[in-house]
Amino acid sequence: MEKIVFLRSKCADILKIRREQMKLGIAAEEDIIAHIVKMNDSQFPGQDEFIIDDIMTVFLASENTPRTIVMCLAFLVRNPHQLGRLLLEIDSVLKDKRVPDIDDLDKLKYTEMTILETLRLFPAVSRNSRISQKERTLNNITFPAGSRTVTFYELFHKNEKYWNDPEEFRPLRFAETKNRIPYTYLSFLAGPRSCLGKPLAIMQMKTILASLLRHFKFAHIPGEEEIKIMQSYVLLKLSQGFRCTAVPRNHSQPRMRTISNSRFLEKGVSRHTVPDVTRVFDPPVLP
């Protein structure tokens, strides 16, 4: 409880500073916190607690980004055809650049499909709950006002009624979206209560994934055990991480020399220098 109080106080400080910046006209309009403030003030004036809740959500949800990148790499090394296609796109878009810029991100279409497919099979948040504000009837079942309903994403994401071969890793299934039944993909929720940080999260993950694959060749280790997933309340996590080889690719520009396991391969591992030979990353067993 003390940690929550501390975090809320820090978010309140951020809100105070950002309001002062907005009054002085020095806060960028596209800034996500400025956007939250403007939207909230237009709908719920004087309710700063709502804004603090949203700011906390943005910070807490950022943990899902490295977890998704880890799972994305785990799926890719087990699906070399999809990995090869992704590398072709990244190399053709970035050309001689070291990392993607904002203009490149819009061109990384298959990269985004890969991330969306990863989140379909492994949503970092596996379920959500909602409280009904009024009585509703669905399929002849009446839900009184104040009822809490829980949605399990796997029931939709791996349902053969909505997805062909739902257990397979197929990023191209996201190339065609107009015929998809609404609310069958819930990694960022849907409707008026969809995830506020989706554009930011997609941008971050495309940047990180493209940068990693630009500089390293990842490969599956023969005989490596299947991925083991654990449930931690609403979160999905790798119970023992995963192992793969990571070899620096041969580029003319300076190569990224390090990978931080604490950022990309779960928590608690110090920074490792990657030599010009195969390095096996073996994350620790999580409690």
# chains A, B, ... in the order shown; residues from 1 in each chain; ligands from 1
$ residues_around --residues "A:Lys134" --least-positions-apart "5" --cutoff "9 Å" --atoms "only C-alpha atoms" --output "MDAnalysis selection string"
chainID A and resid 143:147
$ residues_around --residues "A:Arg193" --least-positions-apart "2" --cutoff "12 Å" --atoms "only C-alpha atoms" --output "PyMOL selection string"
chain A and resi 54+128-130+183+186+188-191+195-198
$ atom_distance --atom1 "atom CA of A:Leu76" --atom2 "atom CA of A:Thr118"
9.4 Å
$ closest_residue --among "A:Phe50, A:Val247, A:Ile55, A:Glu117" --to "A:Leu7" --atoms "only C-alpha atoms"
A:Ile55
$ residues_around --residues "A:Met203" --least-positions-apart "3" --cutoff "9 Å" --atoms "only C-alpha atoms" --output "ChimeraX atom specification"
/A:102,105,112,198-200,206-208
$ write_last_selection --atoms "all heavy atoms" --output "PDB file, in the first residue's frame"
ATOM      1  N   ILE A 102      11.047   8.121 -36.988  1.00  0.00           N
ATOM      2  CA  ILE A 102       9.584   8.173 -36.944  1.00  0.00           C
ATOM      3  C   ILE A 102       8.959   7.871 -38.300  1.00  0.00           C
ATOM      4  O   ILE A 102       7.893   7.255 -38.393  1.00  0.00           O
ATOM      5  CB  ILE A 102       9.109   9.547 -36.406  1.00  0.00           C
ATOM      6  CG1 ILE A 102       7.611   9.528 -36.095  1.00  0.00           C
ATOM      7  CG2 ILE A 102       9.464  10.657 -37.383  1.00  0.00           C
ATOM      8  CD1 ILE A 102       7.219   8.642 -34.959  1.00  0.00           C
ATOM      9  N   LEU A 105       8.863   4.011 -39.017  1.00  0.00           N
ATOM     10  CA  LEU A 105       7.932   3.175 -38.251  1.00  0.00           C
ATOM     11  C   LEU A 105       6.656   2.882 -39.024  1.00  0.00           C
ATOM     12  O   LEU A 105       6.122   1.764 -38.964  1.00  0.00           O
ATOM     13  CB  LEU A 105       7.602   3.857 -36.911  1.00  0.00           C
ATOM     14  CG  LEU A 105       8.763   3.971 -35.922  1.00  0.00           C
ATOM     15  CD1 LEU A 105       8.316   4.660 -34.650  1.00  0.00           C
ATOM     16  CD2 LEU A 105       9.362   2.604 -35.613  1.00  0.00           C
ATOM     17  N   GLU A 112       4.827  -4.660 -37.360  1.00  0.00           N
ATOM     18  CA  GLU A 112       3.646  -4.453 -36.516  1.00  0.00           C
ATOM     19  C   GLU A 112       2.761  -5.691 -36.490  1.00  0.00           C
ATOM     20  O   GLU A 112       2.229  -6.058 -35.435  1.00  0.00           O
ATOM     21  CB  GLU A 112       2.848  -3.247 -37.014  1.00  0.00           C
ATOM     22  CG  GLU A 112       1.642  -2.932 -36.152  1.00  0.00           C
ATOM     23  CD  GLU A 112       1.031  -1.571 -36.442  1.00  0.00           C
ATOM     24  OE1 GLU A 112       1.740  -0.710 -37.011  1.00  0.00           O
ATOM     25  OE2 GLU A 112      -0.141  -1.358 -36.085  1.00  0.00           O
ATOM     26  N   LYS A 198      -1.991   2.486 -26.532  1.00  0.00           N
ATOM     27  CA  LYS A 198      -1.707   1.572 -27.653  1.00  0.00           C
ATOM     28  C   LYS A 198      -0.753   2.178 -28.686  1.00  0.00           C
ATOM     29  O   LYS A 198       0.241   1.527 -29.041  1.00  0.00           O
ATOM     30  CB  LYS A 198      -3.008   1.131 -28.324  1.00  0.00           C
ATOM     31  CG  LYS A 198      -2.773   0.234 -29.529  1.00  0.00           C
ATOM     32  CD  LYS A 198      -4.063  -0.170 -30.213  1.00  0.00           C
ATOM     33  CE  LYS A 198      -3.772  -1.017 -31.453  1.00  0.00           C
ATOM     34  NZ  LYS A 198      -5.021  -1.444 -32.139  1.00  0.00           N
ATOM     35  N   PRO A 199      -1.002   3.390 -29.208  1.00  0.00           N
ATOM     36  CA  PRO A 199      -0.074   3.932 -30.212  1.00  0.00           C
ATOM     37  C   PRO A 199       1.356   4.043 -29.704  1.00  0.00           C
ATOM     38  O   PRO A 199       2.313   3.727 -30.418  1.00  0.00           O
ATOM     39  CB  PRO A 199      -0.668   5.314 -30.530  1.00  0.00           C
ATOM     40  CG  PRO A 199      -2.114   5.212 -30.160  1.00  0.00           C
ATOM     41  CD  PRO A 199      -2.137   4.309 -28.972  1.00  0.00           C
ATOM     42  N   LEU A 200       1.513   4.472 -28.440  1.00  0.00           N
ATOM     43  CA  LEU A 200       2.849   4.595 -27.858  1.00  0.00           C
ATOM     44  C   LEU A 200       3.498   3.222 -27.714  1.00  0.00           C
ATOM     45  O   LEU A 200       4.677   3.044 -28.038  1.00  0.00           O
ATOM     46  CB  LEU A 200       2.760   5.284 -26.494  1.00  0.00           C
ATOM     47  CG  LEU A 200       4.063   5.389 -25.703  1.00  0.00           C
ATOM     48  CD1 LEU A 200       5.078   6.249 -26.449  1.00  0.00           C
ATOM     49  CD2 LEU A 200       3.801   5.956 -24.302  1.00  0.00           C
ATOM     50  N   LYS A 206       7.934  -1.564 -31.971  1.00  0.00           N
ATOM     51  CA  LYS A 206       8.488  -1.599 -33.326  1.00  0.00           C
ATOM     52  C   LYS A 206       9.925  -1.080 -33.336  1.00  0.00           C
ATOM     53  O   LYS A 206      10.805  -1.636 -34.015  1.00  0.00           O
ATOM     54  CB  LYS A 206       7.602  -0.781 -34.280  1.00  0.00           C
ATOM     55  CG  LYS A 206       6.280  -1.432 -34.588  1.00  0.00           C
ATOM     56  CD  LYS A 206       5.320  -0.491 -35.296  1.00  0.00           C
ATOM     57  CE  LYS A 206       5.644  -0.295 -36.746  1.00  0.00           C
ATOM     58  NZ  LYS A 206       4.567   0.451 -37.450  1.00  0.00           N
ATOM     59  N   THR A 207      10.170  -0.027 -32.577  1.00  0.00           N
ATOM     60  CA  THR A 207      11.521   0.547 -32.509  1.00  0.00           C
ATOM     61  C   THR A 207      12.507  -0.446 -31.892  1.00  0.00           C
ATOM     62  O   THR A 207      13.606  -0.672 -32.415  1.00  0.00           O
ATOM     63  CB  THR A 207      11.510   1.850 -31.691  1.00  0.00           C
ATOM     64  OG1 THR A 207      10.614   2.787 -32.302  1.00  0.00           O
ATOM     65  CG2 THR A 207      12.897   2.461 -31.630  1.00  0.00           C
ATOM     66  N   ILE A 208      12.115  -1.049 -30.771  1.00  0.00           N
ATOM     67  CA  ILE A 208      13.014  -1.986 -30.074  1.00  0.00           C
ATOM     68  C   ILE A 208      13.253  -3.229 -30.918  1.00  0.00           C
ATOM     69  O   ILE A 208      14.398  -3.666 -31.099  1.00  0.00           O
ATOM     70  CB  ILE A 208      12.419  -2.362 -28.701  1.00  0.00           C
ATOM     71  CG1 ILE A 208      12.373  -1.144 -27.779  1.00  0.00           C
ATOM     72  CG2 ILE A 208      13.246  -3.476 -28.056  1.00  0.00           C
ATOM     73  CD1 ILE A 208      11.592  -1.370 -26.503  1.00  0.00           C
TER      74      ILE A 208
END
$ closest_atom_pairs --of "stretch 77-195 of chain A" --to "stretch 219-228 of chain A" --cutoff "9 Å" --atoms "only C-alpha atoms" --output "CSV"
residue,atom,partner,partner_atom,distance
A:Val77,CA,A:His220,CA,4.9
A:Arg78,CA,A:His220,CA,6.0
A:Asn79,CA,A:His220,CA,8.9
A:Pro80,CA,A:Ala219,CA,8.1
$ write_last_selection --atoms "all heavy atoms" --output "PDB file, in the first residue's frame"
ATOM      1  N   VAL A  77      12.315 -17.093 -33.270  1.00  0.00           N
ATOM      2  CA  VAL A  77      13.392 -18.075 -33.422  1.00  0.00           C
ATOM      3  C   VAL A  77      12.841 -19.477 -33.660  1.00  0.00           C
ATOM      4  O   VAL A  77      13.540 -20.338 -34.193  1.00  0.00           O
ATOM      5  CB  VAL A  77      14.345 -18.080 -32.200  1.00  0.00           C
ATOM      6  CG1 VAL A  77      15.019 -16.721 -32.047  1.00  0.00           C
ATOM      7  CG2 VAL A  77      13.623 -18.484 -30.921  1.00  0.00           C
ATOM      8  N   ARG A  78      11.595 -19.706 -33.299  1.00  0.00           N
ATOM      9  CA  ARG A  78      10.951 -20.995 -33.560  1.00  0.00           C
ATOM     10  C   ARG A  78      10.211 -21.006 -34.895  1.00  0.00           C
ATOM     11  O   ARG A  78       9.654 -22.035 -35.276  1.00  0.00           O
ATOM     12  CB  ARG A  78       9.985 -21.319 -32.413  1.00  0.00           C
ATOM     13  CG  ARG A  78      10.699 -21.752 -31.134  1.00  0.00           C
ATOM     14  CD  ARG A  78       9.785 -21.735 -29.933  1.00  0.00           C
ATOM     15  NE  ARG A  78      10.424 -22.348 -28.769  1.00  0.00           N
ATOM     16  CZ  ARG A  78      11.331 -21.757 -28.016  1.00  0.00           C
ATOM     17  NH1 ARG A  78      11.706 -20.527 -28.300  1.00  0.00           N
ATOM     18  NH2 ARG A  78      11.877 -22.384 -26.985  1.00  0.00           N
ATOM     19  N   ASN A  79      10.188 -19.868 -35.575  1.00  0.00           N
ATOM     20  CA  ASN A  79       9.530 -19.754 -36.874  1.00  0.00           C
ATOM     21  C   ASN A  79      10.461 -19.009 -37.835  1.00  0.00           C
ATOM     22  O   ASN A  79      10.265 -17.819 -38.116  1.00  0.00           O
ATOM     23  CB  ASN A  79       8.191 -19.015 -36.733  1.00  0.00           C
ATOM     24  CG  ASN A  79       7.181 -19.776 -35.903  1.00  0.00           C
ATOM     25  OD1 ASN A  79       6.428 -20.596 -36.413  1.00  0.00           O
ATOM     26  ND2 ASN A  79       7.164 -19.511 -34.597  1.00  0.00           N
ATOM     27  N   PRO A  80      11.500 -19.681 -38.338  1.00  0.00           N
ATOM     28  CA  PRO A  80      12.524 -19.004 -39.148  1.00  0.00           C
ATOM     29  C   PRO A  80      11.985 -18.359 -40.427  1.00  0.00           C
ATOM     30  O   PRO A  80      12.557 -17.365 -40.888  1.00  0.00           O
ATOM     31  CB  PRO A  80      13.524 -20.127 -39.465  1.00  0.00           C
ATOM     32  CG  PRO A  80      12.791 -21.405 -39.211  1.00  0.00           C
ATOM     33  CD  PRO A  80      11.801 -21.107 -38.138  1.00  0.00           C
TER      34      PRO A  80
END
$ residues_around --residues "stretch 10-22 of chain A" --least-positions-apart "5" --cutoff "8 Å" --atoms "only C-alpha atoms" --output "list in words"
Ala27, Ile33, Ala34, Ile51, Ile52, Ile55 and Met56 of chain A
$ write_last_selection --atoms "N, CA and C atoms" --output "tab-separated table (two decimals), in the first residue's frame"
chain	number	residue	atom	x	y	z
A	27	ALA	N	4.25	22.94	-23.10
A	27	ALA	CA	4.00	21.51	-23.16
A	27	ALA	C	3.53	21.16	-24.56
A	33	ILE	N	0.66	12.97	-21.70
A	33	ILE	CA	0.08	13.46	-20.45
A	33	ILE	C	-0.75	14.71	-20.70
A	34	ALA	N	-0.25	15.60	-21.57
A	34	ALA	CA	-1.04	16.79	-21.92
A	34	ALA	C	-2.35	16.40	-22.57
A	51	ILE	N	-7.03	11.67	-13.68
A	51	ILE	CA	-5.81	11.87	-14.46
A	51	ILE	C	-4.66	11.09	-13.84
A	52	ILE	N	-4.56	11.13	-12.51
A	52	ILE	CA	-3.50	10.39	-11.82
A	52	ILE	C	-3.63	8.90	-12.10
A	55	ILE	N	-2.22	8.32	-15.57
A	55	ILE	CA	-0.75	8.43	-15.61
A	55	ILE	C	-0.12	7.17	-15.00
A	56	MET	N	-0.69	6.69	-13.90
A	56	MET	CA	-0.20	5.46	-13.29
A	56	MET	C	-0.31	4.29	-14.25
$ closest_residue --among "A:His35, A:Lys23, A:Arg170, A:Lys178" --to "A:Arg85" --atoms "only C-alpha atoms"
A:Arg170
$ atom_distance --atom1 "atom CA of A:Thr149" --atom2 "atom CA of A:Phe122"
21.5 Å
$ closest_residue --among "A:Ile141, A:Leu87, A:Ile4, A:Leu236" --to "A:Glu154" --atoms "only C-alpha atoms"
A:Leu236
$ residues_around --residues "A:Met205" --least-positions-apart "3" --cutoff "12 Å" --atoms "only C-alpha atoms" --output "compact mmCIF listing (two decimals) with all heavy atoms, in the first residue's frame"
# COMPACT_ATOMS: atom_id res chain seq x y z
N SER A 62 4.01 0.04 -18.96
CA SER A 62 5.28 0.02 -19.71
C SER A 62 6.06 -1.25 -19.45
O SER A 62 6.93 -1.64 -20.25
CB SER A 62 6.13 1.24 -19.33
OG SER A 62 6.49 1.21 -17.96
N GLU A 63 5.77 -1.94 -18.34
CA GLU A 63 6.44 -3.22 -18.06
C GLU A 63 6.07 -4.27 -19.10
O GLU A 63 6.83 -5.22 -19.34
CB GLU A 63 6.05 -3.72 -16.66
CG GLU A 63 6.72 -5.03 -16.26
CD GLU A 63 6.18 -5.60 -14.96
OE1 GLU A 63 5.37 -4.92 -14.31
OE2 GLU A 63 6.56 -6.73 -14.62
N ASN A 64 4.90 -4.12 -19.72
CA ASN A 64 4.46 -5.11 -20.69
C ASN A 64 5.26 -5.06 -21.99
O ASN A 64 5.30 -6.04 -22.73
CB ASN A 64 2.97 -4.89 -21.02
CG ASN A 64 2.09 -5.09 -19.80
OD1 ASN A 64 2.45 -5.82 -18.89
ND2 ASN A 64 0.94 -4.43 -19.78
N THR A 65 5.91 -3.93 -22.26
CA THR A 65 6.67 -3.80 -23.51
C THR A 65 7.85 -4.77 -23.57
O THR A 65 7.95 -5.55 -24.53
CB THR A 65 7.13 -2.35 -23.70
OG1 THR A 65 5.99 -1.49 -23.79
CG2 THR A 65 7.96 -2.20 -24.97
N PRO A 66 8.77 -4.78 -22.59
CA PRO A 66 9.88 -5.75 -22.66
C PRO A 66 9.40 -7.19 -22.62
O PRO A 66 10.00 -8.07 -23.26
CB PRO A 66 10.75 -5.40 -21.46
CG PRO A 66 9.88 -4.62 -20.54
CD PRO A 66 8.90 -3.90 -21.41
N ARG A 67 8.31 -7.47 -21.89
CA ARG A 67 7.79 -8.83 -21.82
C ARG A 67 7.31 -9.29 -23.20
O ARG A 67 7.52 -10.43 -23.61
CB ARG A 67 6.66 -8.91 -20.79
CG ARG A 67 6.22 -10.34 -20.49
CD ARG A 67 5.07 -10.40 -19.51
NE ARG A 67 5.42 -9.76 -18.27
CZ ARG A 67 4.76 -8.72 -17.75
NH1 ARG A 67 3.73 -8.22 -18.39
NH2 ARG A 67 5.13 -8.20 -16.62
N THR A 68 6.67 -8.38 -23.92
CA THR A 68 6.19 -8.72 -25.26
C THR A 68 7.34 -8.91 -26.22
O THR A 68 7.31 -9.81 -27.08
CB THR A 68 5.23 -7.62 -25.77
OG1 THR A 68 4.13 -7.49 -24.87
CG2 THR A 68 4.70 -7.96 -27.16
N ILE A 69 8.38 -8.08 -26.13
CA ILE A 69 9.55 -8.23 -26.99
C ILE A 69 10.20 -9.59 -26.77
O ILE A 69 10.61 -10.28 -27.73
CB ILE A 69 10.58 -7.10 -26.72
CG1 ILE A 69 10.00 -5.74 -27.15
CG2 ILE A 69 11.89 -7.39 -27.43
CD1 ILE A 69 9.74 -5.62 -28.63
N VAL A 70 10.31 -10.02 -25.52
CA VAL A 70 10.88 -11.33 -25.21
C VAL A 70 10.07 -12.43 -25.90
O VAL A 70 10.63 -13.33 -26.54
CB VAL A 70 10.91 -11.55 -23.68
CG1 VAL A 70 11.25 -13.01 -23.36
CG2 VAL A 70 11.91 -10.64 -23.02
N MET A 71 8.75 -12.36 -25.77
CA MET A 71 7.91 -13.39 -26.38
C MET A 71 7.98 -13.34 -27.89
O MET A 71 7.93 -14.36 -28.57
CB MET A 71 6.47 -13.23 -25.91
CG MET A 71 6.19 -13.79 -24.53
SD MET A 71 6.70 -15.52 -24.32
CE MET A 71 5.83 -16.31 -25.66
N CYS A 72 8.09 -12.15 -28.45
CA CYS A 72 8.19 -11.98 -29.89
C CYS A 72 9.45 -12.70 -30.41
O CYS A 72 9.40 -13.44 -31.41
CB CYS A 72 8.25 -10.50 -30.22
SG CYS A 72 7.80 -10.12 -31.91
N LEU A 73 10.57 -12.50 -29.73
CA LEU A 73 11.80 -13.18 -30.11
C LEU A 73 11.67 -14.69 -29.95
O LEU A 73 12.17 -15.47 -30.77
CB LEU A 73 12.97 -12.66 -29.28
CG LEU A 73 13.40 -11.21 -29.53
CD1 LEU A 73 14.45 -10.79 -28.52
CD2 LEU A 73 13.92 -11.04 -30.96
N PRO A 100 15.46 2.77 -36.44
CA PRO A 100 14.40 3.42 -37.22
C PRO A 100 14.07 4.80 -36.69
O PRO A 100 14.16 5.05 -35.47
CB PRO A 100 13.21 2.46 -37.05
CG PRO A 100 13.48 1.74 -35.77
CD PRO A 100 14.97 1.62 -35.67
N LEU A 105 8.86 4.01 -39.02
CA LEU A 105 7.93 3.18 -38.25
C LEU A 105 6.66 2.88 -39.02
O LEU A 105 6.12 1.76 -38.96
CB LEU A 105 7.60 3.86 -36.91
CG LEU A 105 8.76 3.97 -35.92
CD1 LEU A 105 8.32 4.66 -34.65
CD2 LEU A 105 9.36 2.60 -35.61
N LEU A 108 7.09 -0.07 -41.41
CA LEU A 108 7.36 -1.39 -40.85
C LEU A 108 6.05 -2.13 -40.60
O LEU A 108 5.65 -2.40 -39.46
CB LEU A 108 8.18 -1.26 -39.57
CG LEU A 108 9.59 -0.70 -39.74
CD1 LEU A 108 10.24 -0.44 -38.38
CD2 LEU A 108 10.45 -1.65 -40.56
N THR A 111 6.45 -5.79 -39.33
CA THR A 111 6.93 -5.72 -37.94
C THR A 111 5.75 -5.54 -36.99
O THR A 111 5.67 -6.21 -35.95
CB THR A 111 7.91 -4.55 -37.78
OG1 THR A 111 8.95 -4.67 -38.75
CG2 THR A 111 8.52 -4.55 -36.38
N GLU A 112 4.83 -4.66 -37.36
CA GLU A 112 3.65 -4.45 -36.52
C GLU A 112 2.76 -5.69 -36.49
O GLU A 112 2.23 -6.06 -35.43
CB GLU A 112 2.85 -3.25 -37.01
CG GLU A 112 1.64 -2.93 -36.15
CD GLU A 112 1.03 -1.57 -36.44
OE1 GLU A 112 1.74 -0.71 -37.01
OE2 GLU A 112 -0.14 -1.36 -36.08
N MET A 113 2.61 -6.35 -37.63
CA MET A 113 1.81 -7.59 -37.66
C MET A 113 2.42 -8.63 -36.74
O MET A 113 1.70 -9.36 -36.04
CB MET A 113 1.75 -8.14 -39.08
CG MET A 113 1.01 -7.29 -40.08
SD MET A 113 1.06 -8.09 -41.71
CE MET A 113 0.87 -6.66 -42.79
N THR A 114 3.75 -8.71 -36.72
CA THR A 114 4.44 -9.67 -35.86
C THR A 114 4.16 -9.39 -34.39
O THR A 114 3.93 -10.31 -33.59
CB THR A 114 5.96 -9.62 -36.13
OG1 THR A 114 6.20 -9.91 -37.51
CG2 THR A 114 6.70 -10.61 -35.26
N ILE A 115 4.17 -8.12 -34.03
CA ILE A 115 3.88 -7.74 -32.64
C ILE A 115 2.44 -8.07 -32.28
O ILE A 115 2.15 -8.61 -31.21
CB ILE A 115 4.17 -6.24 -32.44
CG1 ILE A 115 5.68 -5.99 -32.55
CG2 ILE A 115 3.64 -5.76 -31.09
CD1 ILE A 115 6.05 -4.52 -32.68
N LEU A 116 1.51 -7.75 -33.17
CA LEU A 116 0.09 -8.03 -32.91
C LEU A 116 -0.17 -9.52 -32.79
O LEU A 116 -0.96 -9.96 -31.93
CB LEU A 116 -0.77 -7.43 -34.03
CG LEU A 116 -0.78 -5.91 -34.15
CD1 LEU A 116 -1.61 -5.46 -35.35
CD2 LEU A 116 -1.32 -5.26 -32.87
N THR A 118 2.05 -11.76 -31.83
CA THR A 118 2.62 -12.16 -30.54
C THR A 118 1.64 -11.89 -29.41
O THR A 118 1.42 -12.73 -28.53
CB THR A 118 3.93 -11.41 -30.28
OG1 THR A 118 4.88 -11.74 -31.30
CG2 THR A 118 4.51 -11.75 -28.91
N LEU A 119 1.00 -10.73 -29.45
CA LEU A 119 0.06 -10.35 -28.40
C LEU A 119 -1.24 -11.16 -28.48
O LEU A 119 -1.95 -11.30 -27.49
CB LEU A 119 -0.25 -8.86 -28.48
CG LEU A 119 0.88 -7.94 -28.01
CD1 LEU A 119 0.62 -6.50 -28.43
CD2 LEU A 119 1.03 -8.04 -26.50
N LYS A 198 -1.99 2.49 -26.53
CA LYS A 198 -1.71 1.57 -27.65
C LYS A 198 -0.75 2.18 -28.69
O LYS A 198 0.24 1.53 -29.04
CB LYS A 198 -3.01 1.13 -28.32
CG LYS A 198 -2.77 0.23 -29.53
CD LYS A 198 -4.06 -0.17 -30.21
CE LYS A 198 -3.77 -1.02 -31.45
NZ LYS A 198 -5.02 -1.44 -32.14
N PRO A 199 -1.00 3.39 -29.21
CA PRO A 199 -0.07 3.93 -30.21
C PRO A 199 1.36 4.04 -29.70
O PRO A 199 2.31 3.73 -30.42
CB PRO A 199 -0.67 5.31 -30.53
CG PRO A 199 -2.11 5.21 -30.16
CD PRO A 199 -2.14 4.31 -28.97
N LEU A 200 1.51 4.47 -28.44
CA LEU A 200 2.85 4.59 -27.86
C LEU A 200 3.50 3.22 -27.71
O LEU A 200 4.68 3.04 -28.04
CB LEU A 200 2.76 5.28 -26.49
CG LEU A 200 4.06 5.39 -25.70
CD1 LEU A 200 5.08 6.25 -26.45
CD2 LEU A 200 3.80 5.96 -24.30
N ALA A 201 2.73 2.24 -27.24
CA ALA A 201 3.26 0.90 -27.04
C ALA A 201 3.70 0.28 -28.36
O ALA A 201 4.79 -0.32 -28.45
CB ALA A 201 2.22 0.01 -26.37
N ILE A 202 2.89 0.42 -29.41
CA ILE A 202 3.24 -0.13 -30.72
C ILE A 202 4.49 0.54 -31.25
O ILE A 202 5.39 -0.11 -31.80
CB ILE A 202 2.07 0.05 -31.71
CG1 ILE A 202 0.87 -0.82 -31.29
CG2 ILE A 202 2.51 -0.30 -33.12
CD1 ILE A 202 1.11 -2.30 -31.41
N ILE A 208 12.11 -1.05 -30.77
CA ILE A 208 13.01 -1.99 -30.07
C ILE A 208 13.25 -3.23 -30.92
O ILE A 208 14.40 -3.67 -31.10
CB ILE A 208 12.42 -2.36 -28.70
CG1 ILE A 208 12.37 -1.14 -27.78
CG2 ILE A 208 13.25 -3.48 -28.06
CD1 ILE A 208 11.59 -1.37 -26.50
N LEU A 209 12.17 -3.82 -31.45
CA LEU A 209 12.31 -5.06 -32.21
C LEU A 209 13.14 -4.84 -33.48
O LEU A 209 14.05 -5.63 -33.79
CB LEU A 209 10.94 -5.61 -32.57
CG LEU A 209 10.91 -6.98 -33.27
CD1 LEU A 209 11.56 -8.03 -32.39
CD2 LEU A 209 9.49 -7.38 -33.62
N ALA A 210 12.86 -3.76 -34.20
CA ALA A 210 13.61 -3.47 -35.42
C ALA A 210 15.09 -3.22 -35.10
O ALA A 210 15.98 -3.64 -35.85
CB ALA A 210 13.00 -2.28 -36.14
N SER A 211 15.36 -2.52 -34.00
CA SER A 211 16.74 -2.23 -33.63
C SER A 211 17.50 -3.50 -33.25
O SER A 211 18.66 -3.69 -33.63
CB SER A 211 16.77 -1.23 -32.47
OG SER A 211 16.15 -0.01 -32.82
N LEU A 212 16.85 -4.37 -32.50
CA LEU A 212 17.51 -5.63 -32.11
C LEU A 212 17.82 -6.49 -33.33
O LEU A 212 18.93 -7.00 -33.49
CB LEU A 212 16.61 -6.41 -31.14
CG LEU A 212 16.57 -5.93 -29.69
CD1 LEU A 212 15.51 -6.71 -28.92
CD2 LEU A 212 17.93 -6.10 -29.03
N PHE A 264 15.24 -6.75 -21.70
CA PHE A 264 14.64 -7.53 -22.76
C PHE A 264 14.39 -8.99 -22.40
O PHE A 264 13.56 -9.63 -23.02
CB PHE A 264 15.52 -7.48 -24.01
CG PHE A 264 15.73 -6.08 -24.51
CD1 PHE A 264 17.00 -5.53 -24.56
CD2 PHE A 264 14.66 -5.30 -24.91
CE1 PHE A 264 17.19 -4.25 -25.01
CE2 PHE A 264 14.84 -4.02 -25.36
CZ PHE A 264 16.11 -3.48 -25.41
$ select_by_dssp --residues "stretch 24-230 of chain A" --states "helix (DSSP H, G or I)" --output "MDAnalysis selection string"
chainID A and resid 24 32:43 48:61 64:77 80:94 102:107 109:121 154:157 171:175 191:193 198:215
$ closest_residue --among "A:Phe169, A:Phe174, A:Tyr185, A:Phe44" --to "A:Phe156" --atoms "only C-alpha atoms"
A:Tyr185
$ select_by_dssp --residues "stretch 149-235 of chain A" --states "strand (DSSP E or B)" --output "PyMOL selection string"
chain A and resi 149-152+216-220+229-232+235
$ atom_distance --atom1 "atom CA of A:Leu24" --atom2 "atom CA of A:Gln47"
21.5 Å
